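Structure, as structure tokens:
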Amino acid sequence: MTAFRISPAVADAFPDTLIALVTVTGLRGHEPWPATATAVEELERQLAVGTWRPADETDPRVEAWHAAYRSFGTNPRRIRPSVDALGRRMAKKGSLPRINPAVDSYNAVSVRHGLPAGAFDLDHVTGDIDIRHAEGAEEFTPLGEPDTVETPKPGEIIYADTTGVLTRHWNHRDAHRTRVTEDSTRVAFVLETLHATRDGHLLKAASDELQDLLAPHGDRTTVRYLSPADPRIDI
């Protein structure tokens, strides 16, 4: 069992945070995922005909993350929140990247709803996962760069387990160690908002949508919510 926890300091700094945890066991990443393919293609079609565009930094959902990044010393126009970077890439290229079905699923849900999303292969997580401020001695190996080691600055918000950092700048970039591949079978997906009062309904719709995409390809899926009022969830 793995616990996800929000530290008291993060809860105090961002009291309206709400994080959906969508967990899947028995995930089958090598089979066809037609609903995910359709969801991605439909977003690209809507973008092409001009009936929808990804949220950008003028959108309150993204602007809130820019403000959060600035609060812990990160320049959000140089190091962008994941949903901002993904939306900008899609707006420029007209398409979403194709990684693998599980990642494509959360990317589609993220950009559609304007909410950051990510995922961790739980078989490569050690101990529990804390959302906390970095102390400055932790190590992070970026996704796709297995030979690179970075050290987050003190005060930067990170996801971390007992081995190291899983996500830098809260949701800017995931770690290589816990990346989700076609072989991943036990995965925790996260969707986040800093303004549950305003956007909690969007987060819940997004988590339901993600669960619908994942459920046909796993043995069991669950959705739980992490918040300052409920700062620990065991999965």
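Starting from 1 in every chain, residues are counted up; chains themselves are A, B, ... following the order of the structure tokens, and ligands are numbered from 1 as listed.
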For this session: Find the spatial neighbours of Gly136 of chain A, counting only C-alpha atoms, within a cut-off of 9 Å - ignore same-chain residues fewer than 6 positions away - and output them as a ChimeraX atom specification.
Result: /A:151-156
For this session: Apply DSSP to the structure's backbone, then extract all residues of segment 26-168 of chain A labelled strand (DSSP E) and return them as a PyMOL selection string.
Result: chain A and resi 117-121+129-133+157-160+165-168
Can you write just those residues out, N, CA and C atoms, as a JSON list (two decimals), in the first residue's frame?
[["chain", "number", "residue", "atom", "x", "y", "z"],
["A", 117, "ALA", "N", -2.14, 17.16, -15.23],
["A", 117, "ALA", "CA", -2.29, 15.72, -14.99],
["A", 117, "ALA", "C", -0.92, 15.06, -15.07],
["A", 118, "GLY", "N", -0.81, 13.93, -14.42],
["A", 118, "GLY", "CA", 0.42, 13.15, -14.47],
["A", 118, "GLY", "C", 0.13, 11.74, -14.00],
["A", 119, "ALA", "N", 1.18, 10.92, -13.91],
["A", 119, "ALA", "CA", 0.97, 9.53, -13.50],
["A", 119, "ALA", "C", 2.28, 8.95, -12.99],
["A", 120, "PHE", "N", 2.14, 7.97, -12.11],
["A", 120, "PHE", "CA", 3.29, 7.27, -11.53],
["A", 120, "PHE", "C", 3.07, 5.77, -11.64],
["A", 121, "ASP", "N", 4.08, 5.05, -12.12],
["A", 121, "ASP", "CA", 4.08, 3.59, -12.08],
["A", 121, "ASP", "C", 4.37, 3.18, -10.64],
["A", 129, "ILE", "N", 4.31, 8.74, -0.96],
["A", 129, "ILE", "CA", 4.51, 9.91, -1.81],
["A", 129, "ILE", "C", 4.01, 11.15, -1.08],
["A", 130, "ASP", "N", 4.88, 12.12, -0.95],
["A", 130, "ASP", "CA", 4.54, 13.37, -0.28],
["A", 130, "ASP", "C", 4.60, 14.54, -1.26],
["A", 131, "ILE", "N", 3.61, 15.41, -1.16],
["A", 131, "ILE", "CA", 3.62, 16.68, -1.87],
["A", 131, "ILE", "C", 4.10, 17.70, -0.86],
["A", 132, "ARG", "N", 5.31, 18.21, -1.06],
["A", 132, "ARG", "CA", 5.95, 19.02, -0.02],
["A", 132, "ARG", "C", 6.94, 19.99, -0.65],
["A", 133, "HIS", "N", 7.47, 20.87, 0.18],
["A", 133, "HIS", "CA", 8.54, 21.75, -0.25],
["A", 133, "HIS", "C", 9.87, 20.99, -0.24],
["A", 157, "ILE", "N", 8.00, 23.22, -4.69],
["A", 157, "ILE", "CA", 7.07, 22.15, -4.35],
["A", 157, "ILE", "C", 7.31, 20.96, -5.27],
["A", 158, "ILE", "N", 7.38, 19.79, -4.65],
["A", 158, "ILE", "CA", 7.70, 18.55, -5.36],
["A", 158, "ILE", "C", 6.76, 17.43, -4.91],
["A", 159, "TYR", "N", 6.64, 16.42, -5.75],
["A", 159, "TYR", "CA", 6.18, 15.10, -5.33],
["A", 159, "TYR", "C", 7.45, 14.30, -5.06],
["A", 160, "ALA", "N", 7.52, 13.60, -3.94],
["A", 160, "ALA", "CA", 8.72, 12.84, -3.62],
["A", 160, "ALA", "C", 8.35, 11.56, -2.88],
["A", 165, "VAL", "N", 12.87, 12.57, -6.01],
["A", 165, "VAL", "CA", 11.81, 13.44, -6.50],
["A", 165, "VAL", "C", 11.11, 12.79, -7.69],
["A", 166, "LEU", "N", 9.77, 12.80, -7.64],
["A", 166, "LEU", "CA", 8.97, 12.21, -8.71],
["A", 166, "LEU", "C", 8.45, 13.26, -9.69],
["A", 167, "THR", "N", 8.27, 14.49, -9.22],
["A", 167, "THR", "CA", 7.81, 15.58, -10.08],
["A", 167, "THR", "C", 8.38, 16.88, -9.56],
["A", 168, "ARG", "N", 8.99, 17.67, -10.44],
["A", 168, "ARG", "CA", 9.53, 18.98, -10.06],
["A", 168, "ARG", "C", 8.51, 20.09, -10.32]]
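Taking segment 138-204 of chain A and asking which residues DSSP calls helix (DSSP H, G or I) on the backbone, you get Ala196, Thr197, Arg198, Asp199, Gly200, His201, Leu202, Leu203 and Lys204 of chain A.
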Please produce a file of those selected residues containing all heavy atoms, as a short mmCIF file (atom, residue, chain, number, x, y, z; two decimals), in the first residue's frame.
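Saved the output as out_1.cif:
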data_model
loop_
_atom_site.label_atom_id
_atom_site.label_comp_id
_atom_site.auth_asym_id
_atom_site.auth_seq_id
_atom_site.Cartn_x
_atom_site.Cartn_y
_atom_site.Cartn_z
N ALA A 196 -10.51 24.54 -5.77
CA ALA A 196 -11.61 23.57 -5.73
C ALA A 196 -12.97 24.26 -5.65
O ALA A 196 -13.94 23.77 -6.23
CB ALA A 196 -11.43 22.64 -4.53
N THR A 197 -13.02 25.39 -4.97
CA THR A 197 -14.30 26.09 -4.85
C THR A 197 -14.83 26.48 -6.22
O THR A 197 -16.03 26.38 -6.49
CB THR A 197 -14.13 27.34 -3.96
OG1 THR A 197 -13.61 26.95 -2.69
CG2 THR A 197 -15.45 28.05 -3.77
N ARG A 198 -13.94 26.91 -7.09
CA ARG A 198 -14.32 27.34 -8.43
C ARG A 198 -14.34 26.20 -9.43
O ARG A 198 -15.25 26.10 -10.27
CB ARG A 198 -13.36 28.44 -8.90
CG ARG A 198 -13.69 29.04 -10.27
CD ARG A 198 -12.56 29.92 -10.76
NE ARG A 198 -11.35 29.13 -11.06
CZ ARG A 198 -10.11 29.62 -11.05
NH1 ARG A 198 -9.91 30.89 -10.74
NH2 ARG A 198 -9.09 28.84 -11.34
N ASP A 199 -13.33 25.33 -9.38
CA ASP A 199 -13.12 24.34 -10.44
C ASP A 199 -13.24 22.89 -9.99
O ASP A 199 -12.91 21.97 -10.74
CB ASP A 199 -11.73 24.54 -11.06
CG ASP A 199 -11.59 25.90 -11.74
OD1 ASP A 199 -12.59 26.41 -12.24
OD2 ASP A 199 -10.46 26.43 -11.76
N GLY A 200 -13.74 22.67 -8.78
CA GLY A 200 -13.87 21.29 -8.31
C GLY A 200 -14.77 20.45 -9.20
O GLY A 200 -14.51 19.26 -9.41
N HIS A 201 -15.82 21.07 -9.76
CA HIS A 201 -16.71 20.31 -10.65
C HIS A 201 -15.99 19.89 -11.91
O HIS A 201 -16.25 18.80 -12.46
CB HIS A 201 -17.95 21.14 -10.99
CG HIS A 201 -17.67 22.35 -11.83
ND1 HIS A 201 -16.96 23.46 -11.37
CD2 HIS A 201 -18.00 22.63 -13.12
CE1 HIS A 201 -16.86 24.35 -12.32
NE2 HIS A 201 -17.48 23.88 -13.40
N LEU A 202 -15.06 20.73 -12.40
CA LEU A 202 -14.28 20.36 -13.58
C LEU A 202 -13.34 19.21 -13.26
O LEU A 202 -13.17 18.29 -14.08
CB LEU A 202 -13.47 21.57 -14.07
CG LEU A 202 -14.24 22.76 -14.62
CD1 LEU A 202 -13.26 23.88 -14.96
CD2 LEU A 202 -15.04 22.36 -15.85
N LEU A 203 -12.73 19.26 -12.09
CA LEU A 203 -11.83 18.19 -11.69
C LEU A 203 -12.56 16.86 -11.58
O LEU A 203 -12.07 15.82 -12.04
CB LEU A 203 -11.16 18.53 -10.36
CG LEU A 203 -10.11 17.52 -9.90
CD1 LEU A 203 -8.82 17.69 -10.70
CD2 LEU A 203 -9.83 17.66 -8.42
N LYS A 204 -13.74 16.89 -11.02
CA LYS A 204 -14.50 15.64 -10.87
C LYS A 204 -14.97 15.12 -12.22
O LYS A 204 -14.95 13.90 -12.47
CB LYS A 204 -15.66 15.85 -9.90
CG LYS A 204 -15.15 16.08 -8.48
CD LYS A 204 -16.26 16.33 -7.48
CE LYS A 204 -15.66 16.52 -6.08
NZ LYS A 204 -16.66 16.78 -5.05
#
Exercise. Hey, what's within 10 Å of Arg88 of chain A if we count only C-alpha atoms and toss same-chain stuff fewer than 2 positions away? As JSON, numbers by chain, please?
Worked result: {"A": [53, 54, 55, 56, 57, 80, 82, 83, 84, 85, 86, 90, 91, 92, 93, 94, 111]}
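Using only C-alpha atoms, the residues found no farther than 8 Å from Leu18 of chain A, other than those of its own chain fewer than 5 positions away, are Glu192, Thr193, Leu194, His195, Ala196, Gly200, Tyr225, Leu226, Ser227 and Pro228 of chain A.
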Go ahead and write the residues just picked, C-alpha atoms, as a short mmCIF file (atom, residue, chain, number, x, y, z; two decimals), in the first residue's frame.
data_model
loop_
_atom_site.label_atom_id
_atom_site.label_comp_id
_atom_site.auth_asym_id
_atom_site.auth_seq_id
_atom_site.Cartn_x
_atom_site.Cartn_y
_atom_site.Cartn_z
CA GLU A 192 -5.02 18.86 -9.91
CA THR A 193 -6.66 22.20 -9.21
CA LEU A 194 -5.65 24.96 -6.82
CA HIS A 195 -9.22 26.33 -6.75
CA ALA A 196 -11.61 23.57 -5.73
CA GLY A 200 -13.87 21.29 -8.31
CA TYR A 225 -9.63 12.91 -3.64
CA LEU A 226 -6.75 14.46 -1.71
CA SER A 227 -7.13 17.91 -0.11
CA PRO A 228 -6.02 19.91 2.93
#
Fewer than 4 positions away in the same chain doesn't count, so skip those; otherwise give me all residues within 9 Å of segment 43-45 of chain A, counting only C-alpha atoms, as a PDB file with N, CA and C atoms, in the first residue's frame.
ATOM      1  N   THR A  38     -10.029   7.904 -30.167  1.00  0.00           N
ATOM      2  CA  THR A  38     -11.128   8.763 -30.612  1.00  0.00           C
ATOM      3  C   THR A  38     -11.128  10.091 -29.867  1.00  0.00           C
ATOM      4  N   ALA A  39     -10.869  10.055 -28.552  1.00  0.00           N
ATOM      5  CA  ALA A  39     -10.857  11.285 -27.753  1.00  0.00           C
ATOM      6  C   ALA A  39      -9.769  12.239 -28.224  1.00  0.00           C
ATOM      7  N   VAL A  49     -10.910  22.997 -36.641  1.00  0.00           N
ATOM      8  CA  VAL A  49     -12.051  23.748 -37.186  1.00  0.00           C
ATOM      9  C   VAL A  49     -12.366  24.989 -36.368  1.00  0.00           C
ATOM     10  N   GLY A  50     -11.642  25.184 -35.264  1.00  0.00           N
ATOM     11  CA  GLY A  50     -11.789  26.408 -34.489  1.00  0.00           C
ATOM     12  C   GLY A  50     -12.903  26.427 -33.477  1.00  0.00           C
ATOM     13  N   THR A  51     -13.456  25.264 -33.113  1.00  0.00           N
ATOM     14  CA  THR A  51     -14.536  25.232 -32.120  1.00  0.00           C
ATOM     15  C   THR A  51     -14.018  25.063 -30.692  1.00  0.00           C
ATOM     16  N   TRP A  52     -12.721  24.861 -30.541  1.00  0.00           N
ATOM     17  CA  TRP A  52     -12.128  24.687 -29.217  1.00  0.00           C
ATOM     18  C   TRP A  52     -10.645  25.016 -29.300  1.00  0.00           C
ATOM     19  N   ARG A  53     -10.127  25.588 -28.215  1.00  0.00           N
ATOM     20  CA  ARG A  53      -8.691  25.822 -28.109  1.00  0.00           C
ATOM     21  C   ARG A  53      -8.238  25.474 -26.697  1.00  0.00           C
ATOM     22  N   MET A  90       0.131  21.827 -28.335  1.00  0.00           N
ATOM     23  CA  MET A  90      -0.978  21.412 -29.191  1.00  0.00           C
ATOM     24  C   MET A  90      -1.450  22.552 -30.090  1.00  0.00           C
ATOM     25  N   GLY A  94      -1.018  21.544 -33.678  1.00  0.00           N
ATOM     26  CA  GLY A  94      -2.317  21.048 -34.115  1.00  0.00           C
ATOM     27  C   GLY A  94      -2.597  19.617 -33.695  1.00  0.00           C
ATOM     28  N   SER A  95      -1.726  19.047 -32.874  1.00  0.00           N
ATOM     29  CA  SER A  95      -1.914  17.655 -32.469  1.00  0.00           C
ATOM     30  C   SER A  95      -1.306  17.424 -31.092  1.00  0.00           C
ATOM     31  N   LEU A  96      -1.766  16.364 -30.453  1.00  0.00           N
ATOM     32  CA  LEU A  96      -1.182  15.932 -29.194  1.00  0.00           C
ATOM     33  C   LEU A  96      -0.108  14.888 -29.473  1.00  0.00           C
ATOM     34  N   ALA A 108      -5.034  13.827 -22.977  1.00  0.00           N
ATOM     35  CA  ALA A 108      -6.271  14.300 -23.595  1.00  0.00           C
ATOM     36  C   ALA A 108      -7.206  14.905 -22.563  1.00  0.00           C
ATOM     37  N   VAL A 111      -5.662  18.424 -21.235  1.00  0.00           N
ATOM     38  CA  VAL A 111      -5.773  19.581 -22.119  1.00  0.00           C
ATOM     39  C   VAL A 111      -7.237  19.931 -22.377  1.00  0.00           C
ATOM     40  N   ARG A 112      -8.103  18.953 -22.389  1.00  0.00           N
ATOM     41  CA  ARG A 112      -9.531  19.213 -22.608  1.00  0.00           C
ATOM     42  C   ARG A 112     -10.127  20.035 -21.464  1.00  0.00           C
TER      43      ARG A 112
END
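Nearest residue to Gly164 of chain A among A:Ala11, A:Leu21, A:Val180, A:Val125 is A:Val125, counting only C-alpha atoms.
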Problem set entry | Who sits within 10 Å of Arg28 of chain A, only C-alpha atoms, same chain under 4 positions skipped, as an NGL selection string | :A and (24 or 32-33 or 101-102 or 182-186 or 214 or 216-219)
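Among the candidate residues A:Glu135, A:Asp104, A:Asp174, A:Glu63, the one lying nearest to Arg77 of chain A is A:Glu63, with distances computed using only C-alpha atoms.
Atom to atom, atom CA of Gly144 of chain A and atom CA of Arg173 of chain A stand 10.4 Å apart.
Of note, atom CA of Leu122 of chain A and atom CA of Ile19 of chain A are spaced 17.2 Å apart.
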